[in-house]
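Okay, structure first, notes after.
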Amino acid sequence: METLSLDRLSDEIAELSAHLEAATARLLDLIRAFDAREGWNTGFRSCAAWLSWRVGLDLGAARERVRVARALGTLPLLAQALARGELSYAKVRALTRVATPETEERLLAVGRAGTADHVERIVRGWRRVDRKAEARDDTRRHASRALHVYQGEDGMVIVRGRLAPEVGAVLVQALTAAREALYQQERGMDAKPSSADISAETPTMAQQQADALALIAETALHHGIDPGAPSERYQVVVHVDAPVLADPDAPGQSVLEDGAHVSAETARRLACDASRVVMRHGLDGRVVEVAARTRAIPPALRRALHHRDRGCRFPGCGLRFGQGHHIRHWAQGGPTTLSNLALLCRRHHRAVHEEGYQLDRQPDGELRFRRPDGRLLPEVPHLPEVPGDPVKVLRARNDAEGLVLHARTASPGWLGERLDVRWAIDVLHPLAR
Ligand SMILES: [Zn+2]
Ligand SMILES: [Zn+2]
């Protein structure tokens with residue numbers, strides 16, 4: 001490279017940066033179009049997860065790109081300023097956190113006038129005003145979560161609380177499961193002739209809920225506070241025809257009980273990593289033998305599985321909490337061994353069972369995922385070939401778009417005066433006094 005004067009060097013840096021920002025605008029347009037058509041919805045959790053996998057961005061940066069791309073869809077002035085290389089991606093990223101179609105023009109002026117640091121500070125001040133104005137936004141609702149446990153006058157303990165919807169759903173599920181467990185235990189005891197205490201009144205729903213909560217608390221303390229594999233709460237009943245059992249290679253040797261009206265594949269997914277009870281049937285269909293309840297994957301093996309796989313093995317996922325998937329299902333004779341198991345998150349366990357994604361283990365031990373149409377889904381996709389001089393190509397493309405980019409394109413109007421953020425917000429924000 002020729003030795004440039006420092007002035008020319010700095011101009012080169014500024015000019016090429018403007019070209020890159022203009023190209024970033026086009027990249028965001030493409031991401032927005034891809035996202036709108038859900039091109040990522042081919043086994044990936046989100047557009048950001050796909051982007052992270054496809055181009056190697058870290059997930060946080062990928063999320064920001066998708067967020068900014070979506071926001072620019074409704075903010076044409078900011079989108080144009082980025083496309084013309086007049087505003088940097090850093091400024092646009094900050095401004096899109098607060099901009100609306102109504103305030104976009106004012107914020108664009110802030111972006112043009114100030115440095116990236118000024119813009120960041122104005123946006124922070126802006127958000128403070130926004131937060132005050134929108135008292136009932138999600139952040140506030142989340143902050144209002146609470147659980148009060150206190151003793152009433154008669155010594156009973158009173159529980160009162162507010163939970164986020166998804167946490168509430170988990171609680172309701174746990175209460176239901178605990179109530180069912182208590183109810184089934186009682187039924188089981190009734191079946192025995194020795195328990196003659198039938199006169200006891202059936203508890204009300206509210207009483208059952210209270211008993212269920214007690215059982216949940218005892219269970220949590222007994223097993224340690226560990227959310228564990230989500231499917232551990234499922235118990236699967238397997239019906240096995242005794243004569244067939246003699247030949248482990250026979251197809252259809254066992255049938256999963258389809259209690260909850262789920263599809264066969266869903267039942268197989270739940271069974272993949274669950275507790276199971278095996279019932280043998282005689283030739284006449286009667287139950288001959290009921291084996292003890294066992295875990296499909298014993299705790300020691302599960303620990304080894306978590307240690308080996310660390311998280312979901314689906315390409316581009318890596319989520320830490322996962323379920324043990326039998327590559328060849330145990331109901332079809334697949335062994336419960338490390339080599340036949342792979343850790344998959346809930347989303348991707350579903351992808352493999354119900355959405356047609358295929359998974360096998362190569363002789364060298366590597367996992368291989370395929371899309372429903374049979375195409376390989378590589379762990380890391382091949383990056384596209386970069387042309388010999390990417391800068392030349394970039395400039396040519398921007399020129400072809402009619403862009404006039406030079407060393408001063410992205411320079412702020414700031415002349416060095418002090419920035420008074422509070423004054424700026426008072427003047428600019430529509431909700432400020
Ligand atoms: Zn599975
Ligand atoms: Zn996953």
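Ordered as shown in the structure tokens, chains take letters A, B, and onward, while each chain numbers its residues from 1 and ligands are numbered from 1 in the order shown.
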
Please identify which residues in segment 36-151 of chain A DSSP calls strand (DSSP E) from the backbone, and express them as an MDAnalysis selection string. chainID A and resid 146:151

Mind checking which residues fall within 12 Å of Pro390 of chain A, counting only C-alpha atoms, ignoring those fewer than 6 positions away in the same chain, and posting them as a PyMOL selection string? chain A and resi 16+19-20+23+396-397

Could you pull out the residues sitting within 12 Å of ligand 1, using only C-alpha atoms and all ligand atoms, and write them as a ChimeraX atom specification? /A:231,265-274,296-297,322-331,334,336,340-360

The residue from A:Arg302, A:Arg375, A:His142, A:Arg45 with the smallest atom-to-atom distance to ligand 2, counting only C-alpha atoms and all ligand atoms, is A:Arg45

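Nearest to Leu59 of chain A of all the residues A:Leu419, A:Ala94, A:Trp414, A:Gly316 is A:Gly316, counting only C-alpha atoms.
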
If you run DSSP on the backbone, which residues of segment 32-87 of chain A are alpha helix (DSSP H), as a PyMOL selection string? chain A and resi 32-36+47-55+59-72+76-83

With a distance cut-off of 7 Å and only C-alpha atoms, select the neighbouring residues of segment 210-223 of chain A, excluding the residue or stretch itself and same-chain residues fewer than 3 positions from it, and output the selection as a ChimeraX atom specification. /A:175,178-179,206-207
